[in-house]
>>> print(open('run.cif').read())   # mmCIF, C-alpha atoms and all ligand atoms
data_target
#
loop_
_atom_site.group_PDB
_atom_site.id
_atom_site.type_symbol
_atom_site.label_atom_id
_atom_site.label_comp_id
_atom_site.auth_asym_id
_atom_site.auth_seq_id
_atom_site.Cartn_x
_atom_site.Cartn_y
_atom_site.Cartn_z
ATOM 1 C CA MET A 1 0.000 0.000 0.000
ATOM 2 C CA THR A 2 2.898 2.372 -0.615
ATOM 3 C CA GLY A 3 1.612 3.560 -3.986
ATOM 4 C CA GLY A 4 -2.028 4.470 -4.558
ATOM 5 C CA ARG A 5 -4.284 6.605 -2.520
ATOM 6 C CA THR A 6 -6.323 4.528 -0.088
ATOM 7 C CA ASP A 7 -9.912 4.258 -1.212
ATOM 8 C CA ASP A 8 -12.786 5.360 0.955
ATOM 9 C CA SER A 9 -13.607 1.825 2.071
ATOM 10 C CA ALA A 10 -10.575 2.246 4.356
ATOM 11 C CA LEU A 11 -12.405 5.163 5.921
ATOM 12 C CA ARG A 12 -15.633 3.230 6.415
ATOM 13 C CA HIS A 13 -14.253 2.148 9.779
ATOM 14 C CA VAL A 14 -12.827 5.530 10.600
ATOM 15 C CA ASP A 15 -15.645 6.804 12.767
ATOM 16 C CA ASN A 16 -14.932 4.108 15.291
ATOM 17 C CA LEU A 17 -11.134 3.942 15.096
ATOM 18 C CA TYR A 18 -11.185 4.835 18.794
ATOM 19 C CA TYR A 19 -14.716 3.485 19.327
ATOM 20 C CA GLU A 20 -16.403 6.882 20.024
ATOM 21 C CA GLY A 21 -15.453 10.362 21.282
ATOM 22 C CA PRO A 22 -16.489 9.923 24.955
ATOM 23 C CA HIS A 23 -14.629 6.598 25.031
ATOM 24 C CA TYR A 24 -11.488 8.173 23.535
ATOM 25 C CA ASP A 25 -11.514 10.749 26.347
ATOM 26 C CA ARG A 26 -11.820 8.093 29.059
ATOM 27 C CA ARG A 27 -9.137 5.920 27.456
ATOM 28 C CA TYR A 28 -6.663 8.819 27.050
ATOM 29 C CA ALA A 29 -7.561 10.682 30.283
ATOM 30 C CA THR A 30 -3.981 10.342 31.565
ATOM 31 C CA TYR A 31 -2.275 11.106 28.215
ATOM 32 C CA THR A 32 -1.296 14.677 29.082
ATOM 33 C CA HIS A 33 2.515 14.790 28.840
ATOM 34 C CA ASP A 34 2.480 16.549 25.431
ATOM 35 C CA ILE A 35 -0.020 19.343 26.180
ATOM 36 C CA ASP A 36 2.488 21.919 27.506
ATOM 37 C CA PHE A 37 4.736 21.363 24.457
ATOM 38 C CA TRP A 38 1.923 22.095 22.000
ATOM 39 C CA CYS A 39 0.674 25.082 24.014
ATOM 40 C CA ASP A 40 4.199 26.556 24.212
ATOM 41 C CA LEU A 41 4.640 26.086 20.454
ATOM 42 C CA ALA A 42 1.297 27.766 19.761
ATOM 43 C CA ARG A 43 2.180 30.632 22.114
ATOM 44 C CA ALA A 44 5.503 31.105 20.312
ATOM 45 C CA HIS A 45 4.011 31.109 16.802
ATOM 46 C CA GLY A 46 0.697 32.814 17.561
ATOM 47 C CA GLY A 47 -2.542 32.143 15.739
ATOM 48 C CA PRO A 48 -4.386 31.217 13.810
ATOM 49 C CA VAL A 49 -3.731 27.553 14.563
ATOM 50 C CA LEU A 50 -5.102 24.600 12.594
ATOM 51 C CA GLU A 51 -5.142 21.197 14.275
ATOM 52 C CA LEU A 52 -5.599 18.301 11.856
ATOM 53 C CA ALA A 53 -7.048 15.042 13.230
ATOM 54 C CA ALA A 54 -8.073 17.127 16.238
ATOM 55 C CA GLY A 55 -10.156 14.342 17.786
ATOM 56 C CA THR A 56 -12.108 15.462 20.847
ATOM 57 C CA GLY A 57 -10.132 18.689 21.244
ATOM 58 C CA ARG A 58 -7.600 17.340 23.751
ATOM 59 C CA LEU A 59 -5.067 19.867 22.337
ATOM 60 C CA SER A 60 -7.240 22.379 20.440
ATOM 61 C CA LEU A 61 -9.146 23.332 23.599
ATOM 62 C CA PRO A 62 -6.119 24.241 25.776
ATOM 63 C CA ILE A 63 -4.501 26.046 22.803
ATOM 64 C CA ALA A 64 -7.675 28.127 22.338
ATOM 65 C CA ARG A 65 -7.627 28.953 26.063
ATOM 66 C CA LEU A 66 -4.377 30.845 25.381
ATOM 67 C CA GLY A 67 -6.547 33.334 23.510
ATOM 68 C CA LEU A 68 -5.649 32.034 20.048
ATOM 69 C CA ASP A 69 -7.906 31.507 17.062
ATOM 70 C CA VAL A 70 -8.013 27.714 16.538
ATOM 71 C CA VAL A 71 -9.660 25.443 13.971
ATOM 72 C CA GLY A 72 -9.883 21.704 14.700
ATOM 73 C CA LEU A 73 -10.604 19.315 11.827
ATOM 74 C CA ASP A 74 -11.364 15.598 12.211
ATOM 75 C CA VAL A 75 -12.894 13.014 9.913
ATOM 76 C CA ALA A 76 -14.893 11.275 12.660
ATOM 77 C CA PRO A 77 -18.234 12.925 13.505
ATOM 78 C CA SER A 78 -18.368 11.324 16.954
ATOM 79 C CA MET A 79 -14.984 12.869 17.871
ATOM 80 C CA ILE A 80 -16.109 16.316 16.691
ATOM 81 C CA GLU A 81 -19.433 15.952 18.568
ATOM 82 C CA GLN A 82 -17.517 15.248 21.780
ATOM 83 C CA ALA A 83 -15.177 18.211 21.125
ATOM 84 C CA LEU A 84 -18.212 20.483 20.684
ATOM 85 C CA ARG A 85 -19.819 19.139 23.897
ATOM 86 C CA LYS A 86 -16.628 20.010 25.796
ATOM 87 C CA ARG A 87 -16.272 23.431 24.141
ATOM 88 C CA GLY A 88 -19.845 24.601 24.676
ATOM 89 C CA PRO A 89 -22.030 26.667 22.346
ATOM 90 C CA SER A 90 -19.393 28.976 20.886
ATOM 91 C CA GLY A 91 -15.712 28.932 19.983
ATOM 92 C CA PRO A 92 -12.854 29.089 19.625
ATOM 93 C CA PRO A 93 -11.980 26.450 18.674
ATOM 94 C CA ALA A 94 -14.097 26.108 15.554
ATOM 95 C CA PHE A 95 -14.457 22.351 15.077
ATOM 96 C CA GLN A 96 -15.432 20.780 11.792
ATOM 97 C CA VAL A 97 -15.653 17.369 10.189
ATOM 98 C CA GLY A 98 -13.182 16.959 7.335
ATOM 99 C CA ASP A 99 -10.596 14.647 5.805
ATOM 100 C CA MET A 100 -6.990 15.752 6.322
ATOM 101 C CA ARG A 101 -6.056 14.110 3.011
ATOM 102 C CA SER A 102 -8.009 16.779 1.157
ATOM 103 C CA PHE A 103 -9.320 19.993 2.666
ATOM 104 C CA ALA A 104 -9.755 23.602 1.566
ATOM 105 C CA LEU A 105 -10.552 26.054 4.356
ATOM 106 C CA GLY A 106 -9.910 29.197 2.307
ATOM 107 C CA ARG A 107 -7.457 30.720 4.791
ATOM 108 C CA GLN A 108 -3.898 30.406 6.030
ATOM 109 C CA PHE A 109 -2.476 29.563 9.457
ATOM 110 C CA ALA A 110 0.623 30.477 11.456
ATOM 111 C CA LEU A 111 0.795 26.936 12.846
ATOM 112 C CA VAL A 112 -0.600 23.627 11.592
ATOM 113 C CA VAL A 113 -0.459 20.756 14.121
ATOM 114 C CA LEU A 114 -0.739 17.015 13.437
ATOM 115 C CA ALA A 115 -0.217 15.465 16.865
ATOM 116 C CA CYS A 116 -0.414 12.184 18.754
ATOM 117 C CA SER A 117 0.925 10.048 15.865
ATOM 118 C CA SER A 118 -2.133 10.935 13.774
ATOM 119 C CA VAL A 119 0.098 10.955 10.670
ATOM 120 C CA CYS A 120 -0.100 7.140 11.027
ATOM 121 C CA HIS A 121 -3.686 7.361 9.747
ATOM 122 C CA LEU A 122 -2.236 8.273 6.335
ATOM 123 C CA LEU A 123 -2.017 4.753 4.971
ATOM 124 C CA SER A 124 -0.023 5.340 1.766
ATOM 125 C CA ASP A 125 2.662 7.675 0.411
ATOM 126 C CA GLU A 126 0.021 9.220 -1.835
ATOM 127 C CA ASP A 127 -2.292 9.966 1.107
ATOM 128 C CA ALA A 128 0.620 11.530 2.997
ATOM 129 C CA VAL A 129 1.658 13.750 0.055
ATOM 130 C CA SER A 130 -1.963 14.735 -0.509
ATOM 131 C CA CYS A 131 -2.294 15.773 3.163
ATOM 132 C CA PHE A 132 1.063 17.605 3.235
ATOM 133 C CA THR A 133 0.183 19.450 -0.002
ATOM 134 C CA ALA A 134 -3.053 20.696 1.584
ATOM 135 C CA VAL A 135 -1.046 21.686 4.688
ATOM 136 C CA ALA A 136 1.414 23.694 2.554
ATOM 137 C CA ALA A 137 -1.495 25.523 0.883
ATOM 138 C CA HIS A 138 -2.859 26.508 4.322
ATOM 139 C CA LEU A 139 0.476 27.586 5.803
ATOM 140 C CA GLY A 140 1.222 31.329 5.902
ATOM 141 C CA PRO A 141 4.573 32.494 4.423
ATOM 142 C CA ASN A 142 6.385 32.055 7.772
ATOM 143 C CA GLY A 143 4.077 29.322 9.022
ATOM 144 C CA VAL A 144 5.177 26.119 10.739
ATOM 145 C CA PHE A 145 3.783 22.617 10.301
ATOM 146 C CA ALA A 146 4.476 20.491 13.395
ATOM 147 C CA LEU A 147 3.871 16.799 13.891
ATOM 148 C CA ASP A 148 4.834 14.087 16.345
ATOM 149 C CA VAL A 149 4.921 10.401 15.560
ATOM 150 C CA ALA A 150 5.937 7.390 17.644
ATOM 151 C CA THR A 151 9.194 5.764 16.533
ATOM 152 C CA PRO A 152 8.082 2.642 14.601
ATOM 153 C CA GLY A 153 10.159 0.104 16.576
ATOM 154 C CA HIS A 154 8.417 1.040 19.798
ATOM 155 C CA GLU A 155 5.059 0.217 18.220
ATOM 156 C CA THR A 156 5.939 -2.835 16.114
ATOM 157 C CA ILE A 157 7.643 -4.597 19.055
ATOM 158 C CA ARG A 158 4.154 -5.169 20.514
ATOM 159 C CA ALA A 159 2.859 -6.721 17.271
ATOM 160 C CA ASP A 160 3.023 -10.337 18.444
ATOM 161 C CA GLY A 161 -0.296 -11.451 16.913
ATOM 162 C CA ILE A 162 -1.501 -12.729 20.298
ATOM 163 C CA HIS A 163 -4.993 -12.008 21.610
ATOM 164 C CA LYS A 164 -4.633 -10.488 25.077
ATOM 165 C CA ASP A 165 -6.038 -7.943 27.493
ATOM 166 C CA ARG A 166 -5.131 -4.500 26.201
ATOM 167 C CA PHE A 167 -6.743 -1.908 28.473
ATOM 168 C CA SER A 168 -9.895 -1.006 30.382
ATOM 169 C CA TYR A 169 -11.596 2.189 31.513
ATOM 170 C CA PRO A 170 -14.798 3.314 33.230
ATOM 171 C CA ASP A 171 -17.698 3.305 30.757
ATOM 172 C CA PRO A 172 -18.558 6.970 30.028
ATOM 173 C CA THR A 173 -22.158 6.220 29.080
ATOM 174 C CA ALA A 174 -23.245 3.568 31.604
ATOM 175 C CA GLU A 175 -22.344 1.997 34.934
ATOM 176 C CA GLY A 176 -19.370 -0.330 34.866
ATOM 177 C CA GLU A 177 -16.194 -0.898 32.862
ATOM 178 C CA VAL A 178 -15.191 -1.248 29.240
ATOM 179 C CA THR A 179 -12.624 -4.028 28.830
ATOM 180 C CA VAL A 180 -10.627 -4.260 25.636
ATOM 181 C CA ARG A 181 -8.906 -7.376 24.358
ATOM 182 C CA GLY A 182 -7.038 -7.348 21.115
ATOM 183 C CA ARG A 183 -4.409 -8.598 18.752
ATOM 184 C CA ARG A 184 -1.756 -6.532 16.976
ATOM 185 C CA THR A 185 -0.052 -7.613 13.740
ATOM 186 C CA TYR A 186 2.508 -5.880 11.517
ATOM 187 C CA ASP A 187 3.061 -6.121 7.770
ATOM 188 C CA ALA A 188 6.611 -4.967 6.988
ATOM 189 C CA ALA A 189 5.854 -4.665 3.240
ATOM 190 C CA THR A 190 3.178 -1.971 3.741
ATOM 191 C CA ARG A 191 4.565 -0.773 7.109
ATOM 192 C CA CYS A 192 1.007 -1.127 8.419
ATOM 193 C CA LEU A 193 0.113 -2.190 11.952
ATOM 194 C CA THR A 194 -3.316 -3.679 12.458
ATOM 195 C CA ASP A 195 -5.108 -3.657 15.792
ATOM 196 C CA ASP A 196 -8.159 -5.901 16.005
ATOM 197 C CA MET A 197 -9.900 -5.089 19.248
ATOM 198 C CA ALA A 198 -12.981 -6.348 21.039
ATOM 199 C CA TYR A 199 -14.673 -3.858 23.388
ATOM 200 C CA THR A 200 -16.797 -5.585 26.043
ATOM 201 C CA PHE A 201 -19.249 -3.508 28.072
ATOM 202 C CA SER A 202 -19.905 -4.810 31.595
ATOM 203 C CA ALA A 203 -23.175 -2.824 31.744
ATOM 204 C CA ASP A 204 -24.944 -5.166 29.309
ATOM 205 C CA GLY A 205 -22.345 -7.770 28.364
ATOM 206 C CA ARG A 206 -22.221 -6.814 24.679
ATOM 207 C CA THR A 207 -19.007 -6.849 22.640
ATOM 208 C CA GLU A 208 -18.207 -4.537 19.727
ATOM 209 C CA TYR A 209 -15.288 -4.788 17.352
ATOM 210 C CA VAL A 210 -12.841 -2.111 16.243
ATOM 211 C CA HIS A 211 -10.336 -2.608 13.434
ATOM 212 C CA ARG A 212 -7.600 0.005 13.216
ATOM 213 C CA THR A 213 -4.772 0.224 10.690
ATOM 214 C CA SER A 214 -1.841 2.563 11.265
ATOM 215 C CA ARG A 215 1.147 3.115 8.991
ATOM 216 C CA MET A 216 4.591 3.505 10.516
ATOM 217 C CA TYR A 217 6.862 6.442 9.573
ATOM 218 C CA THR A 218 10.474 7.220 10.416
ATOM 219 C CA VAL A 219 11.791 10.754 9.987
ATOM 220 C CA GLY A 220 13.807 9.473 7.017
ATOM 221 C CA GLN A 221 10.606 8.215 5.366
ATOM 222 C CA LEU A 222 8.768 11.484 6.062
ATOM 223 C CA HIS A 223 11.457 13.781 4.580
ATOM 224 C CA PRO A 224 10.845 12.954 0.872
ATOM 225 C CA LEU A 225 7.058 13.000 1.317
ATOM 226 C CA LEU A 226 7.223 16.453 2.916
ATOM 227 C CA ALA A 227 9.600 17.599 0.154
ATOM 228 C CA ARG A 228 7.095 16.487 -2.522
ATOM 229 C CA ALA A 229 4.629 18.910 -0.898
ATOM 230 C CA GLY A 230 7.194 21.742 -0.849
ATOM 231 C CA LEU A 231 7.928 21.442 2.890
ATOM 232 C CA ARG A 232 11.262 20.954 4.655
ATOM 233 C CA VAL A 233 12.153 19.961 8.206
ATOM 234 C CA VAL A 234 13.688 22.888 10.108
ATOM 235 C CA GLN A 235 13.840 21.331 13.592
ATOM 236 C CA ALA A 236 13.573 17.850 15.097
ATOM 237 C CA TYR A 237 13.165 16.766 18.720
ATOM 238 C CA GLY A 238 13.181 13.357 20.370
ATOM 239 C CA ASP A 239 10.724 14.156 23.156
ATOM 240 C CA PHE A 240 8.348 16.797 24.498
ATOM 241 C CA ASP A 241 11.081 18.279 26.722
ATOM 242 C CA GLY A 242 12.939 19.393 23.601
ATOM 243 C CA HIS A 243 15.766 16.853 23.733
ATOM 244 C CA GLN A 244 17.642 15.967 20.562
ATOM 245 C CA LEU A 245 16.250 13.242 18.288
ATOM 246 C CA THR A 246 18.448 10.108 18.554
ATOM 247 C CA ASP A 247 18.179 6.432 17.572
ATOM 248 C CA GLU A 248 16.839 5.742 21.085
ATOM 249 C CA SER A 249 14.054 8.353 20.940
ATOM 250 C CA VAL A 250 10.564 6.964 21.500
ATOM 251 C CA THR A 251 8.952 9.984 19.821
ATOM 252 C CA GLN A 252 9.873 11.923 16.687
ATOM 253 C CA ILE A 253 8.781 15.573 16.634
ATOM 254 C CA LEU A 254 9.274 17.572 13.430
ATOM 255 C CA LEU A 255 8.812 21.278 12.750
ATOM 256 C CA CYS A 256 8.549 22.051 9.019
ATOM 257 C CA ALA A 257 8.408 25.186 6.895
ATOM 258 C CA HIS A 258 7.937 26.107 3.239
ATOM 259 C CA GLY A 259 10.895 25.363 0.990
HETATM 260 C C1 LIG B 1 -4.833 9.555 17.968
HETATM 261 S S1 LIG B 1 -6.262 10.489 17.614
HETATM 262 C C2 LIG B 1 -5.595 12.096 17.964
HETATM 263 C C3 LIG B 1 -6.625 13.101 18.364
HETATM 264 C C4 LIG B 1 -6.068 14.424 18.895
HETATM 265 N N1 LIG B 1 -5.184 15.057 17.940
HETATM 266 C C5 LIG B 1 -5.337 14.219 20.206
HETATM 267 O O1 LIG B 1 -4.151 14.553 20.275
HETATM 268 O O2 LIG B 1 -5.952 13.723 21.161
HETATM 269 C C6 LIG B 1 -6.296 10.416 15.850
HETATM 270 C C7 LIG B 1 -7.448 11.147 15.212
HETATM 271 O O3 LIG B 1 -7.258 11.109 13.784
HETATM 272 C C8 LIG B 1 -8.526 11.133 13.187
HETATM 273 N N2 LIG B 1 -8.386 10.794 11.752
HETATM 274 C C9 LIG B 1 -8.086 9.598 11.211
HETATM 275 N N3 LIG B 1 -8.038 9.697 9.861
HETATM 276 C C10 LIG B 1 -8.306 10.993 9.556
HETATM 277 C C11 LIG B 1 -8.414 11.724 8.339
HETATM 278 N N4 LIG B 1 -8.211 11.123 7.147
HETATM 279 N N5 LIG B 1 -8.689 13.048 8.399
HETATM 280 C C12 LIG B 1 -8.905 13.670 9.596
HETATM 281 N N6 LIG B 1 -8.849 13.024 10.776
HETATM 282 C C13 LIG B 1 -8.534 11.700 10.767
HETATM 283 C C14 LIG B 1 -9.318 10.144 14.035
HETATM 284 O O4 LIG B 1 -10.712 10.290 13.856
HETATM 285 C C15 LIG B 1 -8.833 10.529 15.428
HETATM 286 O O5 LIG B 1 -9.674 11.489 16.016
#
>>> encode(input="run.cif", output="structure tokens")
Amino acid sequence: MTGGRTDDSALRHVDNLYYEGPHYDRRYATYTHDIDFWCDLARAHGGPVLELAAGTGRLSLPIARLGLDVVGLDVAPSMIEQALRKRGPSGPPAFQVGDMRSFALGRQFALVVLACSSVCHLLSDEDAVSCFTAVAAHLGPNGVFALDVATPGHETIRADGIHKDRFSYPDPTAEGEVTVRGRRTYDAATRCLTDDMAYTFSADGRTEYVHRTSRMYTVGQLHPLLARAGLRVVQAYGDFDGHQLTDESVTQILLCAHG
């Protein structure tokens, strides 16, 4: 799957990649270590800020609280609905449903953010170039495009193909727990990880299935794709404290500009 653009059947599952917005928030309630980094970056570059794959507003909301104009775009209606519930009746942020592989907002931004390894939802080179080309068109002359992505080895090491308990969290919509069992596999040819997960709800005993595919990217693999969209990496970090990117880094953070 390195060549063609992924067809929309791949997106048929996309609204429940993380089951649903309220569930994403419960599952990632303790995932907060990156928030200060993104807020500091937004403060340094000023608005307007565009967050792609903004999910439930985990980052867009605190960035908007800095007094900046923020737009959050996500393909999954249930994530955007949850973001709007948290925001209240008026913005910022302005949240909207849209596909990061192809969007036209008719304005430019000082900062475009693609956080939390969301670049992994671009399942082919063509999808990535298509997204980065749209980013370049929305980036002001001195604008910065920033993304973070987990280092592939730290993800693929857990792809043992074995069904096991993965995680659990309090059910946001009923009494009881949601327990998730799943199996992770990795296809080196496409660089795609597949998570097949079964969500069981203690409230009524039902089980629902989520199938999520994520493509792995190293910085070296991202460079030529960014270049095809007219973007170049101007800074790289290996963690959210601003340390240098090394072979041992668990996270890859890139800041990119036109050129
Ligand atoms: C890991 S979550 C990150 C959400 C948010 N940025 C955060 O940091 O919490 C990935 C998000 O990417 C969204 N997504 C997946 N494919 C997308 C696409 N083609 N266009 C826009 N959003 C997409 C999912 O719906 C999901 O909300």
>>> closest_atom_pairs(input="run.cif", of="segment 127-183 of chain A", to="segment 17-39 of chain A", cutoff="10 Å", atoms="only C-alpha atoms", output="tab-separated table")
residue	atom	partner	partner_atom	distance
A:Ala146	CA	A:Trp38	CA	9.1
A:Leu147	CA	A:Trp38	CA	9.9
A:Asp148	CA	A:Asp34	CA	9.7
A:Phe167	CA	A:Arg27	CA	8.2
A:Ser168	CA	A:Arg27	CA	7.6
A:Tyr169	CA	A:Arg27	CA	6.0
A:Pro170	CA	A:Arg26	CA	7.0
A:Asp171	CA	A:His23	CA	7.3
A:Pro172	CA	A:Pro22	CA	6.2
A:Thr173	CA	A:Pro22	CA	7.9
A:Val178	CA	A:His23	CA	8.9
>>> residues_near_ligand(input="run.cif", ligand="ligand LIG 1 (chain B)", cutoff="6 Å", atoms="all atoms listed in the file", output="ChimeraX atom specification")
/A:53-55,58-59,74-76,79,98-101,115-116,118,121
>>> atom_distance(input="run.cif", atom1="atom CA of Leu66 of chain A", atom2="atom CA of Ala44 of chain A")
11.1 Å
>>> closest_residue(input="run.cif", among="A:Ala64, A:Val135, A:Thr56, A:Ser102", to="Gln82 of chain A", atoms="all atoms listed in the file")
A:Thr56
>>> atom_distance(input="run.cif", atom1="atom CA of Thr213 of chain A", atom2="atom CA of Cys256 of chain A")
25.6 Å
>>> closest_residue(input="run.cif", among="A:Gly161, A:Ala203, A:Thr194, A:Gly153", to="Gly176 of chain A", atoms="all atoms listed in the file")
A:Ala203
>>> atom_distance(input="run.cif", atom1="atom CA of Ala174 of chain A", atom2="atom CA of Arg85 of chain A")
17.7 Å
>>> residues_near_point(input="run.cif", point="(-3.2, -11.9, 21.5)", cutoff="8 Å", atoms="only C-alpha atoms", output="mmCIF file with C-alpha atoms, in the frame of the given file")
data_model
loop_
_atom_site.group_PDB
_atom_site.id
_atom_site.type_symbol
_atom_site.label_atom_id
_atom_site.label_comp_id
_atom_site.auth_asym_id
_atom_site.auth_seq_id
_atom_site.Cartn_x
_atom_site.Cartn_y
_atom_site.Cartn_z
ATOM 1 C CA ASP A 160 3.023 -10.337 18.444
ATOM 2 C CA GLY A 161 -0.296 -11.451 16.913
ATOM 3 C CA ILE A 162 -1.501 -12.729 20.298
ATOM 4 C CA HIS A 163 -4.993 -12.008 21.610
ATOM 5 C CA LYS A 164 -4.633 -10.488 25.077
ATOM 6 C CA ASP A 165 -6.038 -7.943 27.493
ATOM 7 C CA ARG A 181 -8.906 -7.376 24.358
ATOM 8 C CA GLY A 182 -7.038 -7.348 21.115
ATOM 9 C CA ARG A 183 -4.409 -8.598 18.752
ATOM 10 C CA ARG A 184 -1.756 -6.532 16.976
#
>>> closest_residue(input="run.cif", among="A:Ser202, A:Gln96, A:Gln108, A:Thr151", to="Asp247 of chain A", atoms="all atoms listed in the file")
A:Thr151
>>> resolve_selection(input="run.cif", expression="the PyMOL selection byres (((chain A and resi 143) around 12) and not hetatm)", output="mmCIF file with C-alpha atoms, keeping the file's coordinate frame")
data_model
loop_
_atom_site.group_PDB
_atom_site.id
_atom_site.type_symbol
_atom_site.label_atom_id
_atom_site.label_comp_id
_atom_site.auth_asym_id
_atom_site.auth_seq_id
_atom_site.Cartn_x
_atom_site.Cartn_y
_atom_site.Cartn_z
ATOM 1 C CA LEU A 41 4.640 26.086 20.454
ATOM 2 C CA ALA A 42 1.297 27.766 19.761
ATOM 3 C CA ALA A 44 5.503 31.105 20.312
ATOM 4 C CA HIS A 45 4.011 31.109 16.802
ATOM 5 C CA GLY A 46 0.697 32.814 17.561
ATOM 6 C CA GLY A 47 -2.542 32.143 15.739
ATOM 7 C CA PRO A 48 -4.386 31.217 13.810
ATOM 8 C CA VAL A 49 -3.731 27.553 14.563
ATOM 9 C CA LEU A 50 -5.102 24.600 12.594
ATOM 10 C CA GLN A 108 -3.898 30.406 6.030
ATOM 11 C CA PHE A 109 -2.476 29.563 9.457
ATOM 12 C CA ALA A 110 0.623 30.477 11.456
ATOM 13 C CA LEU A 111 0.795 26.936 12.846
ATOM 14 C CA VAL A 112 -0.600 23.627 11.592
ATOM 15 C CA VAL A 113 -0.459 20.756 14.121
ATOM 16 C CA VAL A 135 -1.046 21.686 4.688
ATOM 17 C CA ALA A 136 1.414 23.694 2.554
ATOM 18 C CA ALA A 137 -1.495 25.523 0.883
ATOM 19 C CA HIS A 138 -2.859 26.508 4.322
ATOM 20 C CA LEU A 139 0.476 27.586 5.803
ATOM 21 C CA GLY A 140 1.222 31.329 5.902
ATOM 22 C CA PRO A 141 4.573 32.494 4.423
ATOM 23 C CA ASN A 142 6.385 32.055 7.772
ATOM 24 C CA VAL A 144 5.177 26.119 10.739
ATOM 25 C CA PHE A 145 3.783 22.617 10.301
ATOM 26 C CA ALA A 146 4.476 20.491 13.395
ATOM 27 C CA LEU A 231 7.928 21.442 2.890
ATOM 28 C CA ARG A 232 11.262 20.954 4.655
ATOM 29 C CA VAL A 234 13.688 22.888 10.108
ATOM 30 C CA LEU A 255 8.812 21.278 12.750
ATOM 31 C CA CYS A 256 8.549 22.051 9.019
ATOM 32 C CA ALA A 257 8.408 25.186 6.895
ATOM 33 C CA HIS A 258 7.937 26.107 3.239
ATOM 34 C CA GLY A 259 10.895 25.363 0.990
#
>>> decode(input="run.cif", residues="segment 40-89 of chain A", atoms="C-alpha atoms", output="PDB file, in the first residue's frame")
ATOM      1  CA  ASP A  40       4.199  26.556  24.212  1.00  0.00           C
ATOM      2  CA  LEU A  41       4.640  26.086  20.454  1.00  0.00           C
ATOM      3  CA  ALA A  42       1.297  27.766  19.761  1.00  0.00           C
ATOM      4  CA  ARG A  43       2.180  30.632  22.114  1.00  0.00           C
ATOM      5  CA  ALA A  44       5.503  31.105  20.312  1.00  0.00           C
ATOM      6  CA  HIS A  45       4.011  31.109  16.802  1.00  0.00           C
ATOM      7  CA  GLY A  46       0.697  32.814  17.561  1.00  0.00           C
ATOM      8  CA  GLY A  47      -2.542  32.143  15.739  1.00  0.00           C
ATOM      9  CA  PRO A  48      -4.386  31.217  13.810  1.00  0.00           C
ATOM     10  CA  VAL A  49      -3.731  27.553  14.563  1.00  0.00           C
ATOM     11  CA  LEU A  50      -5.102  24.600  12.594  1.00  0.00           C
ATOM     12  CA  GLU A  51      -5.142  21.197  14.275  1.00  0.00           C
ATOM     13  CA  LEU A  52      -5.599  18.301  11.856  1.00  0.00           C
ATOM     14  CA  ALA A  53      -7.048  15.042  13.230  1.00  0.00           C
ATOM     15  CA  ALA A  54      -8.073  17.127  16.238  1.00  0.00           C
ATOM     16  CA  GLY A  55     -10.156  14.342  17.786  1.00  0.00           C
ATOM     17  CA  THR A  56     -12.108  15.462  20.847  1.00  0.00           C
ATOM     18  CA  GLY A  57     -10.132  18.689  21.244  1.00  0.00           C
ATOM     19  CA  ARG A  58      -7.600  17.340  23.751  1.00  0.00           C
ATOM     20  CA  LEU A  59      -5.067  19.867  22.337  1.00  0.00           C
ATOM     21  CA  SER A  60      -7.240  22.379  20.440  1.00  0.00           C
ATOM     22  CA  LEU A  61      -9.146  23.332  23.599  1.00  0.00           C
ATOM     23  CA  PRO A  62      -6.119  24.241  25.776  1.00  0.00           C
ATOM     24  CA  ILE A  63      -4.501  26.046  22.803  1.00  0.00           C
ATOM     25  CA  ALA A  64      -7.675  28.127  22.338  1.00  0.00           C
ATOM     26  CA  ARG A  65      -7.627  28.953  26.063  1.00  0.00           C
ATOM     27  CA  LEU A  66      -4.377  30.845  25.381  1.00  0.00           C
ATOM     28  CA  GLY A  67      -6.547  33.334  23.510  1.00  0.00           C
ATOM     29  CA  LEU A  68      -5.649  32.034  20.048  1.00  0.00           C
ATOM     30  CA  ASP A  69      -7.906  31.507  17.062  1.00  0.00           C
ATOM     31  CA  VAL A  70      -8.013  27.714  16.538  1.00  0.00           C
ATOM     32  CA  VAL A  71      -9.660  25.443  13.971  1.00  0.00           C
ATOM     33  CA  GLY A  72      -9.883  21.704  14.700  1.00  0.00           C
ATOM     34  CA  LEU A  73     -10.604  19.315  11.827  1.00  0.00           C
ATOM     35  CA  ASP A  74     -11.364  15.598  12.211  1.00  0.00           C
ATOM     36  CA  VAL A  75     -12.894  13.014   9.913  1.00  0.00           C
ATOM     37  CA  ALA A  76     -14.893  11.275  12.660  1.00  0.00           C
ATOM     38  CA  PRO A  77     -18.234  12.925  13.505  1.00  0.00           C
ATOM     39  CA  SER A  78     -18.368  11.324  16.954  1.00  0.00           C
ATOM     40  CA  MET A  79     -14.984  12.869  17.871  1.00  0.00           C
ATOM     41  CA  ILE A  80     -16.109  16.316  16.691  1.00  0.00           C
ATOM     42  CA  GLU A  81     -19.433  15.952  18.568  1.00  0.00           C
ATOM     43  CA  GLN A  82     -17.517  15.248  21.780  1.00  0.00           C
ATOM     44  CA  ALA A  83     -15.177  18.211  21.125  1.00  0.00           C
ATOM     45  CA  LEU A  84     -18.212  20.483  20.684  1.00  0.00           C
ATOM     46  CA  ARG A  85     -19.819  19.139  23.897  1.00  0.00           C
ATOM     47  CA  LYS A  86     -16.628  20.010  25.796  1.00  0.00           C
ATOM     48  CA  ARG A  87     -16.272  23.431  24.141  1.00  0.00           C
ATOM     49  CA  GLY A  88     -19.845  24.601  24.676  1.00  0.00           C
ATOM     50  CA  PRO A  89     -22.030  26.667  22.346  1.00  0.00           C
TER      51      PRO A  89
END
